[in-house]
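One file, input-v1.txt, is given below (compact mmCIF, C-alpha atoms).
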```txt
# COMPACT_ATOMS: atom_id res chain seq x y z
CA MET A 1 31.72 7.40 14.36
CA GLY A 2 29.05 8.44 16.85
CA THR A 3 27.19 6.49 19.46
CA VAL A 4 23.75 4.95 19.22
CA PRO A 5 22.09 7.78 21.24
CA HIS A 6 23.88 10.36 19.05
CA HIS A 7 22.47 8.91 15.83
CA GLN A 8 19.02 8.55 17.38
CA ALA A 9 19.08 12.20 18.40
CA LYS A 10 20.23 13.24 14.92
CA ALA A 11 17.43 11.17 13.35
CA ALA A 12 14.84 12.92 15.54
CA ASP A 13 16.38 16.31 14.70
CA PHE A 14 16.19 15.70 10.94
CA LEU A 15 12.60 14.52 11.32
CA ARG A 16 11.77 17.89 12.89
CA ARG A 17 13.57 19.63 10.03
CA ALA A 18 11.44 17.67 7.60
CA ASP A 19 8.30 18.85 9.42
CA ARG A 20 9.38 22.48 9.04
CA ALA A 21 10.25 22.00 5.37
CA ILE A 22 6.90 20.36 4.63
CA THR A 23 5.12 23.24 6.37
CA GLU A 24 7.14 25.74 4.32
CA ARG A 25 6.42 23.76 1.11
CA ASP A 26 10.07 23.03 0.38
CA PRO A 27 9.95 19.48 -1.03
CA THR A 28 13.67 19.25 -1.78
CA GLU A 29 14.67 20.16 1.78
CA ALA A 30 11.95 17.92 3.22
CA ALA A 31 13.07 14.93 1.14
CA SER A 32 16.69 15.52 2.13
CA ALA A 33 15.79 15.73 5.83
CA LEU A 34 13.72 12.53 5.66
CA ARG A 35 16.56 10.76 3.87
CA ARG A 36 19.02 11.77 6.57
CA ALA A 37 16.61 10.90 9.39
CA ALA A 38 16.20 7.37 7.99
CA SER A 39 19.97 7.09 7.44
CA HIS A 40 20.75 8.06 11.04
CA ALA A 41 18.19 5.55 12.33
CA ALA A 42 19.81 2.83 10.22
CA THR A 43 23.25 3.98 11.41
CA ALA A 44 22.16 3.70 15.04
CA LEU A 45 21.06 0.13 14.31
CA ALA A 46 24.37 -0.62 12.56
CA VAL A 47 26.43 0.75 15.48
CA HIS A 48 24.33 -1.29 17.91
CA CYS A 49 24.97 -4.46 15.87
CA GLY A 50 28.65 -3.69 15.31
CA CYS A 51 28.25 -3.39 11.52
CA LYS A 52 30.02 -1.06 9.13
CA HIS A 53 27.94 1.86 7.90
CA SER A 54 30.02 3.80 5.43
CA SER A 55 27.63 3.35 2.51
CA ARG A 56 23.95 2.93 1.79
CA ARG A 57 24.47 -0.75 0.96
CA ARG A 58 26.15 -1.34 4.31
CA LEU A 59 23.37 0.52 6.11
CA GLU A 60 20.84 -1.88 4.62
CA PHE A 61 22.64 -4.94 6.01
CA PRO A 62 21.53 -4.60 9.70
CA LEU A 63 18.02 -3.83 8.49
CA HIS A 64 18.03 -7.07 6.48
CA VAL A 65 19.24 -9.00 9.53
CA ALA A 66 16.54 -7.53 11.79
CA VAL A 67 13.87 -8.32 9.19
CA ALA A 68 15.14 -11.89 8.80
CA ASP A 69 15.04 -12.33 12.59
CA ARG A 70 11.43 -11.07 12.57
CA ARG A 71 12.29 -8.25 14.94
CA LEU A 72 11.67 -5.48 12.41
CA SER A 73 9.03 -5.16 9.73
CA ARG A 74 10.17 -5.30 6.12
CA SER A 75 8.19 -2.11 5.54
CA HIS A 76 10.93 -0.16 7.34
CA LEU A 77 13.55 -1.47 4.93
CA LYS A 78 11.28 -0.33 2.09
CA THR A 79 10.94 3.08 3.76
CA PHE A 80 14.72 3.43 3.96
CA ARG A 81 15.02 2.63 0.26
CA GLN A 82 12.20 4.98 -0.64
CA THR A 83 13.85 7.93 1.08
CA HIS A 84 16.90 7.37 -1.13
CA SER A 85 15.09 6.93 -4.41
CA SER A 86 11.79 8.83 -4.48
CA PHE A 87 13.04 12.42 -4.64
CA PRO A 88 16.05 14.10 -6.29
CA ARG A 89 18.86 15.34 -4.12
CA LYS A 90 19.59 19.04 -3.78
CA SER A 91 22.09 18.87 -6.63
CA GLY A 92 19.45 17.41 -8.96
CA PRO A 93 16.89 19.16 -11.17
CA VAL A 94 14.91 22.07 -9.80
CA PRO A 95 11.53 20.74 -8.60
CA ASP A 96 8.28 21.77 -10.29
CA THR A 97 6.88 24.75 -8.38
CA ARG A 98 3.38 24.76 -9.89
CA PRO A 99 0.63 24.70 -7.21
CA GLU A 100 -0.82 21.39 -8.42
CA SER A 101 2.66 19.79 -8.40
CA ARG A 102 3.34 21.04 -4.87
CA GLY A 103 0.08 19.49 -3.75
CA VAL A 104 1.00 16.04 -5.06
CA GLU A 105 4.52 16.25 -3.68
CA GLY A 106 3.19 17.47 -0.34
CA ILE A 107 0.87 14.50 0.03
CA THR A 108 3.65 12.08 -0.90
CA LEU A 109 6.09 13.72 1.50
CA ARG A 110 3.63 13.67 4.38
CA ARG A 111 3.00 9.98 3.76
CA LEU A 112 6.76 9.34 3.65
CA ARG A 113 7.20 11.40 6.79
CA ARG A 114 4.78 9.11 8.64
CA ARG A 115 6.67 6.05 7.40
CA VAL A 116 10.02 7.48 8.51
CA ALA A 117 8.58 8.35 11.93
CA ALA A 118 7.31 4.77 12.25
CA MET A 119 10.77 3.50 11.29
CA LEU A 120 12.42 5.63 13.98
CA THR A 121 9.95 4.35 16.59
CA ALA A 122 10.47 0.72 15.56
CA VAL A 123 14.26 1.02 15.58
CA ALA A 124 14.16 2.68 19.02
CA ALA A 125 12.02 -0.18 20.35
CA PHE A 126 14.43 -2.69 18.83
CA LEU A 127 17.43 -0.98 20.43
CA ASN A 128 15.64 -0.95 23.81
CA GLY A 129 15.21 -4.71 23.64
CA GLN A 130 11.45 -4.52 23.14
CA PRO A 131 10.87 -4.82 19.37
CA LYS A 132 7.38 -4.15 18.13
CA PRO A 133 5.36 -7.16 16.94
CA VAL A 134 5.72 -7.72 13.21
CA ARG A 135 2.42 -8.08 11.36
CA TYR A 136 2.63 -10.01 8.13
CA HIS A 137 0.30 -9.07 5.30
CA LYS A 138 0.57 -12.43 3.54
CA LEU A 139 -1.71 -15.06 5.01
CA TYR A 140 0.80 -17.91 4.81
CA LEU A 141 3.23 -15.85 6.91
CA ARG A 142 0.62 -14.66 9.45
CA GLU A 143 -0.89 -18.10 9.97
CA PRO A 144 1.55 -20.76 8.73
CA ASN A 145 -0.39 -23.56 10.46
CA ARG A 146 -3.77 -22.71 8.95
CA PRO A 147 -5.21 -25.82 7.19
CA VAL A 148 -5.58 -25.58 3.43
CA LEU A 149 -8.88 -26.38 1.75
CA PRO A 150 -8.40 -29.11 -0.88
CA ASP A 151 -9.95 -28.92 -4.33
CA LEU A 152 -13.42 -30.15 -3.41
CA ALA A 153 -14.89 -32.90 -5.54
CA ALA A 154 -16.63 -35.16 -3.01
CA ILE A 155 -18.62 -34.87 0.22
CA SER A 156 -16.07 -37.07 2.00
CA GLN A 157 -13.42 -34.33 1.62
CA ILE A 158 -15.54 -31.99 3.74
CA LEU A 159 -16.41 -34.65 6.31
CA ASN A 160 -12.71 -35.55 6.68
CA LEU A 161 -11.52 -31.98 7.24
CA PRO A 162 -9.51 -31.80 10.50
CA ASN A 163 -11.58 -28.81 11.63
CA TYR A 164 -14.95 -30.08 10.38
CA ALA A 165 -16.50 -30.17 13.87
CA GLU A 166 -15.16 -26.70 14.66
CA ILE A 167 -16.65 -25.28 11.44
CA ARG A 168 -20.03 -26.84 12.18
CA ARG A 169 -20.02 -25.45 15.73
CA ARG A 170 -18.68 -22.00 14.82
CA PHE A 171 -21.25 -21.37 12.09
CA ASN A 172 -24.13 -23.15 13.85
CA LEU A 173 -24.47 -25.77 11.10
CA THR A 174 -25.50 -28.67 13.29
CA GLY A 175 -28.38 -30.30 11.45
CA ALA A 176 -27.79 -28.23 8.29
CA PRO A 177 -27.36 -30.63 5.33
CA LEU A 178 -24.41 -30.32 2.98
CA ALA A 179 -26.70 -30.51 -0.04
CA ALA A 180 -28.46 -27.40 -1.25
CA GLU A 181 -32.24 -27.57 -0.92
CA PRO A 182 -35.03 -25.65 -2.67
CA ASP A 183 -35.24 -22.15 -1.24
CA PRO A 184 -38.18 -20.24 -2.76
CA HIS A 185 -38.61 -18.15 0.41
CA GLY A 186 -34.98 -17.02 0.85
CA TRP A 187 -34.07 -18.89 4.04
CA TYR A 188 -30.41 -19.13 2.99
CA ASP A 189 -30.19 -15.34 2.87
CA HIS A 190 -31.08 -15.33 6.58
CA GLY A 191 -28.47 -17.96 7.45
CA GLN A 192 -30.93 -20.81 7.97
CA PRO A 193 -31.64 -24.02 6.04
CA PRO A 194 -34.88 -23.97 4.01
CA ARG A 195 -38.03 -25.54 5.40
CA PRO A 196 -40.40 -27.64 3.26
CA CYS A 197 -43.60 -25.82 2.36
CA SER A 198 -46.84 -26.96 0.80
CA CYS A 199 -46.91 -24.04 -1.63
CA HIS A 200 -43.78 -25.31 -3.41
CA ARG A 201 -44.21 -29.03 -2.99
CA ASP A 202 -43.25 -29.66 -6.61
CA LEU A 203 -39.75 -28.20 -5.99
CA TRP A 204 -39.20 -30.50 -3.02
CA ASP A 205 -40.45 -33.51 -5.00
CA GLN A 206 -37.94 -32.74 -7.76
CA HIS A 207 -35.18 -32.32 -5.18
CA GLU A 208 -35.95 -35.67 -3.53
CA ALA A 209 -35.99 -37.38 -6.91
CA GLY A 210 -32.72 -35.80 -8.04
CA ASP A 211 -29.35 -37.37 -8.82
CA GLU A 212 -28.37 -39.67 -5.96
CA ASN A 213 -24.68 -39.55 -6.89
CA HIS A 214 -24.18 -35.76 -6.94
CA ILE A 215 -25.24 -32.82 -4.82
CA THR A 216 -24.93 -29.04 -5.03
CA LEU A 217 -23.12 -27.69 -1.96
CA SER A 218 -25.40 -25.77 0.40
CA PRO A 219 -24.84 -21.98 0.44
CA LEU A 220 -24.52 -22.16 4.24
CA TRP A 221 -21.64 -24.60 4.04
CA ARG A 222 -20.09 -22.78 1.09
CA ARG A 223 -19.98 -19.49 3.02
CA ALA A 224 -18.64 -21.23 6.12
CA LEU A 225 -15.81 -22.85 4.14
CA GLU A 226 -15.01 -19.59 2.35
CA LYS A 227 -14.75 -17.69 5.64
CA THR A 228 -12.74 -20.42 7.34
CA PHE A 229 -10.20 -20.95 4.57
CA ARG A 230 -10.42 -17.44 3.09
CA THR A 231 -11.00 -18.65 -0.41
CA ARG A 232 -13.67 -18.44 -3.08
CA LEU A 233 -15.87 -21.37 -4.12
CA PRO A 234 -18.24 -21.63 -7.10
CA ASP A 235 -21.86 -20.74 -6.32
CA GLN A 236 -23.09 -24.05 -7.75
CA LEU A 237 -20.36 -26.41 -6.57
CA GLN A 238 -21.14 -30.01 -7.53
CA LEU A 239 -19.88 -32.80 -5.25
CA THR A 240 -20.05 -36.56 -5.57
CA CYS A 241 -21.71 -38.52 -2.80
```
The structure given in the file should be rewritten as structure tokens.
Amino acid sequence: MGTVPHHQAKAADFLRRADRAITERDPTEAASALRRAASHAATALAVHCGCKHSSRRRLEFPLHVAVADRRLSRSHLKTFRQTHSSFPRKSGPVPDTRPESRGVEGITLRRLRRRVAAMLTAVAAFLNGQPKPVRYHKLYLREPNRPVLPDLAAISQILNLPNYAEIRRRFNLTGAPLAAEPDPHGWYDHGQPPRPCSCHRDLWDQHEAGDENHITLSPLWRRALEKTFRTRLPDQLQLTC
């Protein structure tokens, strides 16, 4: 059956074999060694958890449990599966030995080798009672309490945002109007609201005489909302007053 330290040692040994095989450009041997290194790491986890480990499906079970408990990244489960599916076993077809094929396989194997090494490190940390922090790539998993920006149609929706004051302070928007103003001199590009000028007085007169019931959202506020909520807003977003 083997103990946890035994399987950890075997995993490290097969990882070293994979390094030698990659150096010697033997993709079949390298893939086999990586597969066995990942299997021994999963077996060590199964023995630690008291799970059966007589098949690949059973080896995946403790990995699933650790991922569900957020003590192991799902990427390591994917790595385990990849080692069992990406390359043929020794009894399979003879690999392509052309130089260009070896180059592609070598790059893929080196990338897989790094993933397997990361899996071994993560499993060791888990077994030592100090699991590595799991970083989620999906925003709703990384920050489940982040407020969601509603579909904007009115100014009141922005003013009623729970983090409205924080947005205004963070992006230095105190005194910056929500409505877009004429900007012939490119003040918005420098992160500042436009200033009235005598040389373009006609633009300001048209702006002041515009529709009182609708505004175009200021680029400053649009960028601040996009960065805060990590979303994309139309450049000329019309809002009701």
Which of A:Val134, A:Phe61, A:Ser85, A:Trp204 sits closest to Ser32 in chain A [using all atoms listed in the file]: A:Ser85
Pick from A:Leu203, A:Pro5, A:Leu173, A:Pro62, whichever lies nearest to Gly50 in chain A using all atoms listed in the file: A:Pro62
Selected residue of minimal separation from Leu15 in chain A among A:Gly2, A:Pro184, A:Arg223, A:Leu109, counting only C-alpha atoms: A:Leu109
Atom pair CA of Arg135 in chain A / CA of Leu59 in chain A: separation (Å): 23.2 Å
Nearest to Thr121 in chain A by atom-to-atom distance, counting only C-alpha atoms, from A:Arg74, A:Ala30, A:Cys241, A:Gln8: A:Gln8
Atomic distance CA of Cys51 in chain A - CA of His84 in chain A, expressed in Å with one decimal: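 If I compute the distance from CA of Cys51 in chain A to CA of His84 in chain A, I get 20.1 Å.
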Atomic separation - CA of Ala180 in chain A relative to CA of Gln238 in chain A, Å: 10.0 Å
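Considering the residues A:Ala37, A:Leu63, A:Leu237, A:Ala44 and counting all atoms listed in the file, Arg114 in chain A has its shortest atom-to-atom contact with A:Ala37.
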Pick from A:Ala12, A:Ala18, A:Ile107, A:Leu120 nearest to Ala42 in chain A, counting all atoms listed in the file: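 Closest to Ala42 in chain A of all the choices is A:Leu120.
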Residue contacts of Glu29 in chain A (10 Å, all atoms listed in the file) excluding same-chain residues fewer than 4 positions away, as a list in words: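 So, after excluding close chain neighbours, the residues are Arg17, Ala18, Arg20, Ala21, Ile22, Glu24, Arg25, Ala33, Leu34, Arg35, Arg89 and Lys90 of chain A.
The environment of Leu127 in chain A within 9 Å, counting all atoms listed in the file and disregarding residues fewer than 6 places along the same chain, consists of Val4, Ala44, Leu45 and His48 of chain A.
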Box in all listed atoms of range 172-181 of chain A, axis-aligned, with 6 Å more on each side; write out centre and edge lengths in Å to one decimal as JSON.
```
{"center_x": -28.2, "center_y": -26.9, "center_z": 6.3, "size_x": 20.1, "size_y": 19.5, "size_z": 27.1}
```
Cut-off 12 Å around (3.9, 6.7, 5.5) with all atoms listed in the file: residues as an mmCIF file with C-alpha atoms, keeping the file's coordinate frame:
```cif
data_model
loop_
_atom_site.group_PDB
_atom_site.id
_atom_site.type_symbol
_atom_site.label_atom_id
_atom_site.label_comp_id
_atom_site.auth_asym_id
_atom_site.auth_seq_id
_atom_site.Cartn_x
_atom_site.Cartn_y
_atom_site.Cartn_z
ATOM 1 C CA LEU A 34 13.720 12.530 5.660
ATOM 2 C CA SER A 75 8.190 -2.110 5.540
ATOM 3 C CA HIS A 76 10.930 -0.160 7.340
ATOM 4 C CA LYS A 78 11.280 -0.330 2.090
ATOM 5 C CA THR A 79 10.940 3.080 3.760
ATOM 6 C CA PHE A 80 14.720 3.430 3.960
ATOM 7 C CA GLN A 82 12.200 4.980 -0.640
ATOM 8 C CA THR A 83 13.850 7.930 1.080
ATOM 9 C CA ILE A 107 0.870 14.500 0.030
ATOM 10 C CA THR A 108 3.650 12.080 -0.900
ATOM 11 C CA LEU A 109 6.090 13.720 1.500
ATOM 12 C CA ARG A 110 3.630 13.670 4.380
ATOM 13 C CA ARG A 111 3.000 9.980 3.760
ATOM 14 C CA LEU A 112 6.760 9.340 3.650
ATOM 15 C CA ARG A 113 7.200 11.400 6.790
ATOM 16 C CA ARG A 114 4.780 9.110 8.640
ATOM 17 C CA ARG A 115 6.670 6.050 7.400
ATOM 18 C CA VAL A 116 10.020 7.480 8.510
ATOM 19 C CA ALA A 117 8.580 8.350 11.930
ATOM 20 C CA ALA A 118 7.310 4.770 12.250
ATOM 21 C CA MET A 119 10.770 3.500 11.290
#
```
Protein, DNA and RNA residues within 12 Å of (-14.7, -20.9, 0.5), only C-alpha atoms, as a ChimeraX atom specification: /A:148-152,158,167,217-235,237
